[in-house]
Amino acid sequence: MAADAAAVRAPAPSATRRLPVAEALGGGFIVGYLSLVVLLPLAALVAEAGNFRHAVTNREAVAALELTLVLALAVALVNAVIGTATAWVLVRDDFRGKRIVNAVIDLPFALPTIVAGLTLLALYGPRGWTGLNLAFTRAGVLLALLFVTLPFVVRSVQPVLLELDAEMEEAAASLGAGPAGIFRRIVFPNLLPAVLSGVALSFARAIGEFGAVVLISGNLPFKTEVSSVYIFGRIQSNDAAGAASLSLVLLVISFATLLLIGAVRRWATRHDRQD
Amino acid sequence: MIARISLRCAVLFYLAAILLVPVGLIFWRTFEHGIGPAWDAVTTPDARHAFWLTLKIAAIVVPLNTIFGIVCALAIVRHKFPGKGVLNAVVDLPLALSPVVIGLALFLLYGRDGWLDWLPFQMLFSTPAMVLATMFVSLPFVVREVVPVLREIGTDQEQAAATLGAGPIATFRRVTLPAIRWAVAYGVVLTTARSIGEFGAVSVVSGRISGKTETLTLLVQDRYESFDVTGAYAASVVLAMIAVATLVLLTIFKPKEERA
């Protein structure tokens, strides 16, 4: 009897037999890797930030930051609308070539940002096909940012739309709601967390974008210079300490946006978690 | 009906105007004078060096980030430890940081008067710093792709393997790894695409020394600024073709639930 009891053992709490050595090694590897690649450089950045007040409050820096934030917000809002519409078309509509369109959405993730900037210049710059010359304008910078942030809202909303239970919409329809009403009161509230998540990702990406912007904007101070380009200029002018101070500002904004995304996700899935 | 078609048209028009036409135009402009000039532009010594340097960096960065990604995902999903939230945040950080900021951080660490400027071999303005910069920016992808899959498959199969007497390594090799291989593949494709396409961070730390520390992306900017527009387009086409191949691979490896 006792032998039987001893022979049948419940599975260990973790999936495999615990090997303290392996776990310590794994943990050490993760900590060491992250320290070398991420944490140590960021520590240097934080520590070497100098001359903070002047670096951050001078007129050119403030203008760059304002432009960056305004453009990022504009881009986030445009993406909220168009991204949701795109996700809707990709999920609810059907047409030939839809699979290709769906694949193409990821192009901004796959294409190097400098190439994106160059391609937009080819179309919307001087001697561009469209005849519109948006080089050295804020509209040009906006276009570049729209390119690189295009997938975020779409990819955020798509899975939610896919999983949305049609029953709710059908019930609403059977109670007499028109399509607009159904969208407004049933679909949209369910999509809102995903849209917000995508918007926050777009925003965070847009404030830091460099490669796509650097060619088309011409980097005119007070007109088309965004913070990332200004920081690059500070490095070139041997003002690494000032550049680091500005970077800290961007870092804090990015971090706050990340935290916001996390909070939105947790709020959105508050009913799904089995805590 | 009309609403649906007009929405479809509006969306397709937007995508064409922002994505497709610009990229198509690059192909057009590159080959507008025939394949000859374009081929010459991408086979100059500088271009060839840039191409191999880009591949070399990717060849170092991708395996390292893949191993890290799998180990980190296993730790996050299968183990309990304090500070897991911090780990998640740190892993996600590269996605929210500007590449210029990342480059600057490395510059401050390894540059003259930097914290680690006493190292015997050259880091900054040379390949090692470029590798580190690329590792930083492409860090999260494998982790983020593997974590949800690991969560979803649960530990049932691994526990079954354990009760049948398999050791941890055998279980990993024959149960866990095959279950996550498509997620890993997807993450590897994203990591590779990001490594090849990295521009901002590498621009800061490389010094952009033509023929020595220029990657393909830096070459594009160099040529454009030297008014060699054809050369810039030609290099861009190479990168664009890599991007298209990336898209094809991503579509193949895409997790089934995400297919529209």
# chains A, B, ... in the order shown; residues from 1 in each chain; ligands from 1
call {"tool": "interface_residues", "arguments": {"of": "chain B", "to": "chain A", "cutoff": "7 Å", "atoms": "only C-alpha atoms", "output": "ChimeraX atom specification"}}
result
/B:8,11,18-19,22-23,25-26,68,71-72,78,96-98,100-101,105-106,108-109,132,135-136,155,158-159,162-163,168,193-194,197-200,217,236,240,243,246-247,251,258,260
call {"tool": "residues_around", "arguments": {"residues": "A:Thr224", "least_positions_apart": "2", "cutoff": "9 Å", "atoms": "only C-alpha atoms", "output": "list in words"}}
result
Ala64, Leu67, Phe136, Thr137, Arg138, Gly140, Val141, Ser217, Gly218, Asn219, Leu220, Pro221, Phe222 and Val226 of chain A
call {"tool": "atom_distance", "arguments": {"atom1": "atom CA of B:Val205", "atom2": "atom CA of B:Pro99"}}
result
10.7 Å
call {"tool": "closest_residue", "arguments": {"among": "A:Ala268, A:Leu132, A:Val199, A:Val157", "to": "A:Ala72", "atoms": "only C-alpha atoms"}}
result
A:Val199
call {"tool": "select_by_dssp", "arguments": {"residues": "stretch 55-228 of chain A", "states": "helix (DSSP H, G or I)", "output": "PyMOL selection string"}}
result
chain A and resi 55-57+59-92+98-104+107-110+113-124+138-163+166-174+179-208+211-216+227-228
call {"tool": "residues_around", "arguments": {"residues": "B:Trp182", "least_positions_apart": "5", "cutoff": "9 Å", "atoms": "only C-alpha atoms", "output": "list of chain:residue names"}}
result
B:Val146, B:Gly187, B:Phe253, B:Lys254, B:Pro255
